[in-house]
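Notes follow once the structure below has been shown.
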Amino acid sequence: MVSSVVPKRSRAKAWVLLVLILLVAVVGSVAYLVWRQTVPGVQSLTTPPRFVGQKTSFTVVVEARRGNVARVEVRIEQSGKSTPVATKDSGLGRRVEIPVVVDSAALGLREGSATIEVWARDTFWRPIRRDDRAIAGYPVTVDLTPPKVELLASTRYLSPGGSGLVVFRVSGAARTDVLAGATPFPSFAFGPADKGARIALIALPWDYDPATPIQIRASDEAGNTASRGIPAEIRPRKFPKDTIDIKDAFLQAKVPELLPQRPATESLVDGFLVINRDLRKQAEETKRKIGATTADKPLWHGPFTQARNTKVFANFAETRTYMHGGREIDRQIHFGYDLASTRQSPVPASNKGVVVFAEPLTIYGNTVVIDHGLGLQTLYAHLSSTTVKVGDAVEKGQEIARTGSTGLAIGDHLHYEVLVNGTSVTPLEWWDAKWIRDHVGKPLKEAGLPEIAGAEARDEPDDAARSATPRSARRRR
Ligand SMILES: [Zn+2]
């Protein structure tokens, strides 16, 4: 009885509600499907190369916005022909990195423009299935011509722990290094621009293996490389050995100075070994870094000078055996000359240049480094005081500091080094006007380039087998 009296108006309301619910459901479903269909697909996050060379490697990075990446293919397209170079289609996650190697000869690419295309699809369900599509295209230039390297002249006689000059010409290169073994030396444009010549000072480390090649290596932006060996006659050199007795009084004075943070439990000998090994190594790395700050032209003029009234009492590349209490505790190489004079004697700049370093440098104590250009630098260490700062231009013979015994020095003396791009070489060569003429002046003359003032080659017989012993009073400490 009661049901039959449901008012007509309520029934109509229910219908409207039902229709509305259905409408919302239909609109909602359609919107959802439309959303699924329009979710963007895989995107490329690749930083492509600008050039493709004979063999070019790079990485393609893609990422799915929803779901995972289902398939990626990298193609290279040239003159309407598209060739796959890398494909991945299983076990892929949301973000995929694909290493790509383009072997231009195998692909039959020609020099000129081409496009690297990235094709991809994701696993995200859409009402209408999307096929693989090119999601990115990167224009590249195919360059298959390696740089041209032409050796114009070079120092003929080199020695371990010595220097030399390489004169050459390159074309089509973005980067050129002159390498002695694995050590690269920078090169600098030199002479008239139309000649396009470059010069590099090189250094052979004291323990150079004569079988190691010396070469010029040039590479262009497409990664094409060209190498050219440098012929040289390597003359062996003998380096001295010495034994240093480390006294407790020396350790008590020096270890706290050089290792202020040392744990109290550590013995003085252990502290000394940290200084002699780790701090020494740090200083070597700093010297290499300083070597990069150099003028692109020679600043020096004529031979480098030995401070007046000094005697060399410890030699370059001397192997030092450190003894303590009758026991060998360490062995290191000494990279310079120790010059003895009177206490706190004036230290002259051994040639013209610009100060590039003036601060304490671990075992070297207070140190000044002067840049003479082309990577050539001189280092002055154990100074008691300095009168120059970074950026100062100095003349040959100008006083830059006073000798002292800061750092790991036994007694007041000057530790003096000549460096080529951070590699220590024997100072003797650079103190010798004739050596400079024969080894730096001559290659420039042979290459028909203007010579460096004060280093002009003369027509005199090569004196290649010069002794590597400086004027000195050996043995004294
Ligand atoms: Zn020294």
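Residue numbering restarts at 1 in every chain; chains get A, B, ... in the order shown in the structure tokens, and ligands count up from 1 in that same order.
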| Every residue of region 53-298 of chain A that DSSP places in alpha helix (DSSP H), as JSON, numbers by chain | {"A": [104, 105, 106, 107, 248, 249, 250, 251, 252, 253, 254, 255, 256, 257, 258, 268, 269, 270, 271, 272, 273, 280, 281, 282, 283, 284, 285, 286, 287, 288, 289, 290, 291]}
Keeping N, CA and C atoms for every residue in the selection just given, could you write it to a file as a short mmCIF file (atom, residue, chain, number, x, y, z; two decimals), in the first residue's frame?
```cif
data_model
loop_
_atom_site.label_atom_id
_atom_site.label_comp_id
_atom_site.auth_asym_id
_atom_site.auth_seq_id
_atom_site.Cartn_x
_atom_site.Cartn_y
_atom_site.Cartn_z
N SER A 104 82.15 5.09 -38.92
CA SER A 104 81.74 5.75 -40.16
C SER A 104 82.05 4.94 -41.41
N ALA A 105 83.22 4.28 -41.44
CA ALA A 105 83.58 3.51 -42.64
C ALA A 105 82.63 2.35 -42.81
N ALA A 106 82.36 1.61 -41.72
CA ALA A 106 81.47 0.45 -41.79
C ALA A 106 80.06 0.87 -42.20
N LEU A 107 79.65 2.07 -41.83
CA LEU A 107 78.30 2.54 -42.15
C LEU A 107 78.25 3.21 -43.52
N ASP A 248 117.38 12.86 16.12
CA ASP A 248 116.17 13.12 16.90
C ASP A 248 115.91 14.61 17.09
N ALA A 249 116.98 15.39 17.25
CA ALA A 249 116.81 16.84 17.45
C ALA A 249 116.13 17.45 16.23
N PHE A 250 116.49 16.96 15.03
CA PHE A 250 115.87 17.45 13.79
C PHE A 250 114.38 17.09 13.77
N LEU A 251 114.07 15.83 14.15
CA LEU A 251 112.67 15.40 14.18
C LEU A 251 111.87 16.24 15.17
N GLN A 252 112.46 16.49 16.35
CA GLN A 252 111.76 17.27 17.38
C GLN A 252 111.49 18.69 16.91
N ALA A 253 112.38 19.22 16.08
CA ALA A 253 112.19 20.59 15.59
C ALA A 253 111.22 20.63 14.42
N LYS A 254 111.32 19.65 13.52
CA LYS A 254 110.59 19.76 12.25
C LYS A 254 109.21 19.08 12.23
N VAL A 255 109.07 17.96 12.91
CA VAL A 255 107.79 17.23 12.81
C VAL A 255 106.62 18.06 13.33
N PRO A 256 106.74 18.70 14.53
CA PRO A 256 105.59 19.51 14.98
C PRO A 256 105.34 20.69 14.05
N GLU A 257 106.40 21.26 13.46
CA GLU A 257 106.23 22.42 12.56
C GLU A 257 105.45 22.03 11.30
N LEU A 258 105.79 20.85 10.76
CA LEU A 258 105.19 20.47 9.48
C LEU A 258 103.92 19.65 9.63
N LEU A 268 107.75 10.18 16.42
CA LEU A 268 108.34 11.22 15.58
C LEU A 268 108.78 10.65 14.24
N VAL A 269 109.27 9.40 14.25
CA VAL A 269 109.71 8.79 12.98
C VAL A 269 108.50 8.58 12.07
N ASP A 270 107.37 8.11 12.62
CA ASP A 270 106.17 7.94 11.80
C ASP A 270 105.71 9.29 11.24
N GLY A 271 105.79 10.32 12.09
CA GLY A 271 105.43 11.66 11.64
C GLY A 271 106.34 12.11 10.50
N PHE A 272 107.62 11.83 10.65
CA PHE A 272 108.59 12.19 9.61
C PHE A 272 108.24 11.49 8.29
N LEU A 273 107.84 10.23 8.39
CA LEU A 273 107.52 9.47 7.16
C LEU A 273 106.29 10.04 6.46
N ARG A 280 105.43 15.34 0.65
CA ARG A 280 106.29 15.48 -0.54
C ARG A 280 105.46 15.27 -1.80
N LYS A 281 104.61 14.24 -1.76
CA LYS A 281 103.76 13.93 -2.91
C LYS A 281 102.79 15.08 -3.20
N GLN A 282 102.21 15.62 -2.13
CA GLN A 282 101.30 16.76 -2.29
C GLN A 282 102.01 17.92 -2.98
N ALA A 283 103.26 18.17 -2.56
CA ALA A 283 104.03 19.28 -3.14
C ALA A 283 104.27 19.02 -4.63
N GLU A 284 104.54 17.75 -4.98
CA GLU A 284 104.77 17.42 -6.39
C GLU A 284 103.52 17.74 -7.21
N GLU A 285 102.34 17.39 -6.65
CA GLU A 285 101.09 17.68 -7.37
C GLU A 285 100.86 19.17 -7.51
N THR A 286 101.17 19.92 -6.43
CA THR A 286 101.02 21.38 -6.50
C THR A 286 101.94 21.96 -7.56
N LYS A 287 103.17 21.44 -7.64
CA LYS A 287 104.11 21.94 -8.64
C LYS A 287 103.56 21.74 -10.06
N ARG A 288 102.93 20.59 -10.27
CA ARG A 288 102.34 20.34 -11.60
C ARG A 288 101.21 21.32 -11.89
N LYS A 289 100.40 21.61 -10.85
CA LYS A 289 99.29 22.56 -11.05
C LYS A 289 99.83 23.96 -11.35
N ILE A 290 100.86 24.37 -10.61
CA ILE A 290 101.45 25.70 -10.83
C ILE A 290 101.97 25.78 -12.27
N GLY A 291 102.49 24.65 -12.77
CA GLY A 291 103.06 24.61 -14.12
C GLY A 291 102.08 25.04 -15.20
#
```
| message | Can you pull out the residues contacting region 217-224 of chain A? Cut-off 12 Å, using only C-alpha atoms, and skip same-chain residues under 6 positions away; I want them as number ranges by chain. | response | A: 48-58, 102-104, 111, 140-151, 168-187, 230
With ligand 1 as the partner and 12 Å as the cut-off, tabulate the residues of chain A that qualify, each row holding the nearest pair of atoms and their distance in Å to one decimal, using only C-alpha atoms and all ligand atoms, sorted by chain and rising number, as a Markdown table.
```
| residue | atom | partner | partner_atom_place_in_ligand_line | distance |
| --- | --- | --- | --- | --- |
| A:Arg280 | CA | ligand 1 | 1 (Zn) | 11.8 |
| A:Val312 | CA | ligand 1 | 1 (Zn) | 10.0 |
| A:Phe313 | CA | ligand 1 | 1 (Zn) | 9.2 |
| A:Ala314 | CA | ligand 1 | 1 (Zn) | 6.9 |
| A:Asn315 | CA | ligand 1 | 1 (Zn) | 8.2 |
| A:Phe316 | CA | ligand 1 | 1 (Zn) | 8.6 |
| A:Ala317 | CA | ligand 1 | 1 (Zn) | 10.1 |
| A:Glu318 | CA | ligand 1 | 1 (Zn) | 9.8 |
| A:Thr319 | CA | ligand 1 | 1 (Zn) | 11.7 |
| A:Arg320 | CA | ligand 1 | 1 (Zn) | 10.7 |
| A:Gln332 | CA | ligand 1 | 1 (Zn) | 11.4 |
| A:Ile333 | CA | ligand 1 | 1 (Zn) | 9.8 |
| A:His334 | CA | ligand 1 | 1 (Zn) | 6.2 |
| A:Phe335 | CA | ligand 1 | 1 (Zn) | 7.1 |
| A:Gly336 | CA | ligand 1 | 1 (Zn) | 5.9 |
| A:Tyr337 | CA | ligand 1 | 1 (Zn) | 5.9 |
| A:Asp338 | CA | ligand 1 | 1 (Zn) | 4.6 |
| A:Leu339 | CA | ligand 1 | 1 (Zn) | 8.1 |
| A:Ala340 | CA | ligand 1 | 1 (Zn) | 10.3 |
| A:Ile363 | CA | ligand 1 | 1 (Zn) | 9.6 |
| A:Tyr364 | CA | ligand 1 | 1 (Zn) | 8.1 |
| A:Gly365 | CA | ligand 1 | 1 (Zn) | 10.9 |
| A:Thr367 | CA | ligand 1 | 1 (Zn) | 11.9 |
| A:Leu379 | CA | ligand 1 | 1 (Zn) | 10.7 |
| A:Tyr380 | CA | ligand 1 | 1 (Zn) | 9.6 |
| A:Ala381 | CA | ligand 1 | 1 (Zn) | 7.8 |
| A:His382 | CA | ligand 1 | 1 (Zn) | 8.4 |
| A:Leu383 | CA | ligand 1 | 1 (Zn) | 11.6 |
| A:Gly404 | CA | ligand 1 | 1 (Zn) | 11.8 |
| A:Ser405 | CA | ligand 1 | 1 (Zn) | 10.4 |
| A:Thr406 | CA | ligand 1 | 1 (Zn) | 11.4 |
| A:Gly407 | CA | ligand 1 | 1 (Zn) | 10.2 |
| A:Leu408 | CA | ligand 1 | 1 (Zn) | 8.7 |
| A:Ala409 | CA | ligand 1 | 1 (Zn) | 7.4 |
| A:Ile410 | CA | ligand 1 | 1 (Zn) | 9.3 |
| A:Gly411 | CA | ligand 1 | 1 (Zn) | 10.8 |
| A:Asp412 | CA | ligand 1 | 1 (Zn) | 10.7 |
| A:His413 | CA | ligand 1 | 1 (Zn) | 8.2 |
| A:Leu414 | CA | ligand 1 | 1 (Zn) | 7.2 |
| A:His415 | CA | ligand 1 | 1 (Zn) | 4.3 |
| A:Tyr416 | CA | ligand 1 | 1 (Zn) | 6.9 |
| A:Glu417 | CA | ligand 1 | 1 (Zn) | 8.6 |
| A:Arg477 | CA | ligand 1 | 1 (Zn) | 10.9 |
```
| request: Please identify all polymer residues within 9 Å of Met323 (chain A), counting only C-alpha atoms, omitting same-chain residues fewer than 2 positions from it, and present them as a PyMOL selection string. | output: chain A and resi 243-247+321+325-330
Residues just named, written with C-alpha atoms as a PDB file, in the first residue's frame:
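Writing the result to part02.pdb gives the following:
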```
ATOM      1  CA  THR A 243     122.611   8.931   2.701  1.00  0.00           C
ATOM      2  CA  ILE A 244     121.072  11.290   5.216  1.00  0.00           C
ATOM      3  CA  ASP A 245     121.226  10.551   8.910  1.00  0.00           C
ATOM      4  CA  ILE A 246     118.057  11.836  10.584  1.00  0.00           C
ATOM      5  CA  LYS A 247     118.772  12.980  14.137  1.00  0.00           C
ATOM      6  CA  THR A 321     118.471   7.108   1.711  1.00  0.00           C
ATOM      7  CA  GLY A 325     119.322   5.078  14.572  1.00  0.00           C
ATOM      8  CA  GLY A 326     121.374   3.046  12.099  1.00  0.00           C
ATOM      9  CA  ARG A 327     118.292   1.801  10.270  1.00  0.00           C
ATOM     10  CA  GLU A 328     117.057   2.774   6.790  1.00  0.00           C
ATOM     11  CA  ILE A 329     113.619   4.372   7.167  1.00  0.00           C
ATOM     12  CA  ASP A 330     112.938   5.911   3.748  1.00  0.00           C
TER      13      ASP A 330
END
```
| said: Taking the DSSP secondary structure from the backbone, can you list the residues of region 295-372 of chain A that are strand (DSSP E), as a ChimeraX atom specification? | reply: /A:311-314,318-324,327-334,337-340,346-348,353-360,366-371
Please save C-alpha atoms of the selected residues as a JSON list (two decimals), in the first residue's frame.
```json
[["chain", "number", "residue", "atom", "x", "y", "z"],
["A", 311, "LYS", "CA", 127.92, 26.21, -4.17],
["A", 312, "VAL", "CA", 125.84, 23.23, -5.23],
["A", 313, "PHE", "CA", 126.10, 20.78, -2.36],
["A", 314, "ALA", "CA", 123.23, 18.43, -3.26],
["A", 318, "GLU", "CA", 119.94, 12.38, -6.17],
["A", 319, "THR", "CA", 118.54, 9.24, -4.53],
["A", 320, "ARG", "CA", 118.49, 9.90, -0.79],
["A", 321, "THR", "CA", 118.47, 7.11, 1.71],
["A", 322, "TYR", "CA", 117.19, 8.31, 5.07],
["A", 323, "MET", "CA", 118.71, 6.61, 8.14],
["A", 324, "HIS", "CA", 117.53, 6.82, 11.73],
["A", 327, "ARG", "CA", 118.29, 1.80, 10.27],
["A", 328, "GLU", "CA", 117.06, 2.77, 6.79],
["A", 329, "ILE", "CA", 113.62, 4.37, 7.17],
["A", 330, "ASP", "CA", 112.94, 5.91, 3.75],
["A", 331, "ARG", "CA", 114.23, 6.61, 0.25],
["A", 332, "GLN", "CA", 113.29, 9.64, -1.90],
["A", 333, "ILE", "CA", 114.50, 11.56, -4.94],
["A", 334, "HIS", "CA", 115.81, 15.11, -4.56],
["A", 337, "TYR", "CA", 120.01, 21.74, -6.41],
["A", 338, "ASP", "CA", 120.78, 22.71, -2.85],
["A", 339, "LEU", "CA", 122.81, 25.91, -2.92],
["A", 340, "ALA", "CA", 124.80, 26.90, 0.12],
["A", 346, "PRO", "CA", 119.71, 37.27, -0.81],
["A", 347, "VAL", "CA", 117.97, 35.01, -3.38],
["A", 348, "PRO", "CA", 118.01, 36.47, -6.90],
["A", 353, "GLY", "CA", 109.60, 36.30, -15.37],
["A", 354, "VAL", "CA", 106.43, 36.67, -13.35],
["A", 355, "VAL", "CA", 105.85, 35.33, -9.82],
["A", 356, "VAL", "CA", 103.12, 32.66, -9.94],
["A", 357, "PHE", "CA", 103.43, 31.21, -6.44],
["A", 358, "ALA", "CA", 104.60, 32.71, -3.13],
["A", 359, "GLU", "CA", 103.50, 30.79, -0.03],
["A", 360, "PRO", "CA", 104.46, 27.80, 2.13],
["A", 366, "ASN", "CA", 108.28, 29.19, 2.17],
["A", 367, "THR", "CA", 108.44, 28.91, -1.59],
["A", 368, "VAL", "CA", 108.48, 31.22, -4.59],
["A", 369, "VAL", "CA", 107.87, 30.02, -8.15],
["A", 370, "ILE", "CA", 108.70, 32.28, -11.10],
["A", 371, "ASP", "CA", 107.16, 31.63, -14.50]]
```
What are the nearest atom pairs, with distances in Å to one decimal, for all residues of region 125-236 of chain A that come at most 9 Å from region 446-459 of chain A, using only C-alpha atoms, set out by chain and rising residue number as a Markdown table?
```
| residue | atom | partner | partner_atom | distance |
| --- | --- | --- | --- | --- |
| A:Leu152 | CA | A:Ala447 | CA | 5.4 |
| A:Ala153 | CA | A:Ala447 | CA | 5.6 |
| A:Ser154 | CA | A:Glu446 | CA | 8.7 |
| A:Val167 | CA | A:Ala447 | CA | 7.1 |
| A:Phe168 | CA | A:Ala447 | CA | 8.4 |
| A:Phe190 | CA | A:Leu449 | CA | 8.0 |
| A:Gly191 | CA | A:Leu449 | CA | 5.9 |
| A:Pro192 | CA | A:Leu449 | CA | 8.0 |
| A:Lys195 | CA | A:Leu449 | CA | 8.7 |
| A:Ala197 | CA | A:Leu449 | CA | 8.3 |
```
Keeping only N, CA and C atoms, write the selected residues as a PDB file, in the first residue's frame.
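Full text of out-v1.pdb as output:
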```
ATOM      1  N   LEU A 152     108.585  20.115 -37.649  1.00  0.00           N
ATOM      2  CA  LEU A 152     109.488  21.026 -38.349  1.00  0.00           C
ATOM      3  C   LEU A 152     110.926  20.882 -37.865  1.00  0.00           C
ATOM      4  N   ALA A 153     111.094  20.687 -36.580  1.00  0.00           N
ATOM      5  CA  ALA A 153     112.443  20.497 -36.001  1.00  0.00           C
ATOM      6  C   ALA A 153     112.282  20.124 -34.535  1.00  0.00           C
ATOM      7  N   SER A 154     113.324  19.538 -33.967  1.00  0.00           N
ATOM      8  CA  SER A 154     113.278  19.230 -32.532  1.00  0.00           C
ATOM      9  C   SER A 154     114.696  19.064 -32.009  1.00  0.00           C
ATOM     10  N   VAL A 167     109.312  21.731 -32.466  1.00  0.00           N
ATOM     11  CA  VAL A 167     108.701  22.747 -33.333  1.00  0.00           C
ATOM     12  C   VAL A 167     107.868  22.007 -34.374  1.00  0.00           C
ATOM     13  N   PHE A 168     106.615  22.369 -34.512  1.00  0.00           N
ATOM     14  CA  PHE A 168     105.759  21.614 -35.430  1.00  0.00           C
ATOM     15  C   PHE A 168     104.622  22.497 -35.948  1.00  0.00           C
ATOM     16  N   PHE A 190     103.873  30.130 -32.341  1.00  0.00           N
ATOM     17  CA  PHE A 190     105.153  30.847 -32.319  1.00  0.00           C
ATOM     18  C   PHE A 190     105.517  31.313 -33.716  1.00  0.00           C
ATOM     19  N   GLY A 191     106.047  32.512 -33.803  1.00  0.00           N
ATOM     20  CA  GLY A 191     106.492  33.036 -35.086  1.00  0.00           C
ATOM     21  C   GLY A 191     105.347  33.628 -35.887  1.00  0.00           C
ATOM     22  N   PRO A 192     105.613  33.949 -37.175  1.00  0.00           N
ATOM     23  CA  PRO A 192     104.587  34.601 -37.997  1.00  0.00           C
ATOM     24  C   PRO A 192     103.337  33.726 -38.135  1.00  0.00           C
ATOM     25  N   LYS A 195     102.761  31.142 -40.901  1.00  0.00           N
ATOM     26  CA  LYS A 195     103.555  29.915 -40.848  1.00  0.00           C
ATOM     27  C   LYS A 195     102.868  28.849 -39.993  1.00  0.00           C
ATOM     28  N   ALA A 197     103.273  27.858 -37.003  1.00  0.00           N
ATOM     29  CA  ALA A 197     104.129  26.967 -36.220  1.00  0.00           C
ATOM     30  C   ALA A 197     103.773  27.009 -34.741  1.00  0.00           C
TER      31      ALA A 197
END
```
| said: Please report the interatomic distance between CA of Val24 (chain A) and CA of Ser10 (chain A) in Å with one decimal. | reply: 21.0 Å
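Considering only C-alpha atoms, the residue among A:Pro236, A:Pro231, A:Pro7, A:Pro99 positioned nearest to Leu165 (chain A) is A:Pro231.
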| said: Taking only C-alpha atoms into account, name the residue in A:Leu20, A:Ile202, A:Leu158, A:Ile128 that is nearest to Arg36 (chain A). | reply: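 Closest to Arg36 (chain A), using only C-alpha atoms: A:Ile128.
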| Mind pulling up the distance from CA of Arg121 (chain A) to CA of Gly67 (chain A)? | 10.4 Å
| For Val96 (chain A), the nearest of the candidates A:Gly112, A:Ala14, A:Glu117, A:Asn68, counting only C-alpha atoms |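 Using only C-alpha atoms, Val96 (chain A) sits closest to A:Asn68.
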| Close residues, Val62 (chain A) itself excluded, 8 Å, only C-alpha atoms, min 2 positions apart in chain, as a VMD selection string | chain A and resid 42 to 46 60 64 69 95 to 97
Could you dump the residues just selected with C-alpha atoms as a compact mmCIF listing (two decimals), in the first residue's frame?
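part06.txt was written with the following content:
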```
# COMPACT_ATOMS: atom_id res chain seq x y z
CA VAL A 42 59.67 8.64 -24.11
CA GLN A 43 61.89 11.74 -24.06
CA SER A 44 65.54 11.98 -25.02
CA LEU A 45 67.94 13.53 -22.49
CA THR A 46 70.93 13.04 -24.74
CA VAL A 60 72.07 8.18 -25.66
CA ALA A 64 59.77 7.30 -20.08
CA VAL A 69 60.99 2.28 -21.91
CA ARG A 95 65.59 5.60 -17.67
CA VAL A 96 67.88 3.96 -20.19
CA GLU A 97 71.45 4.77 -21.21
```
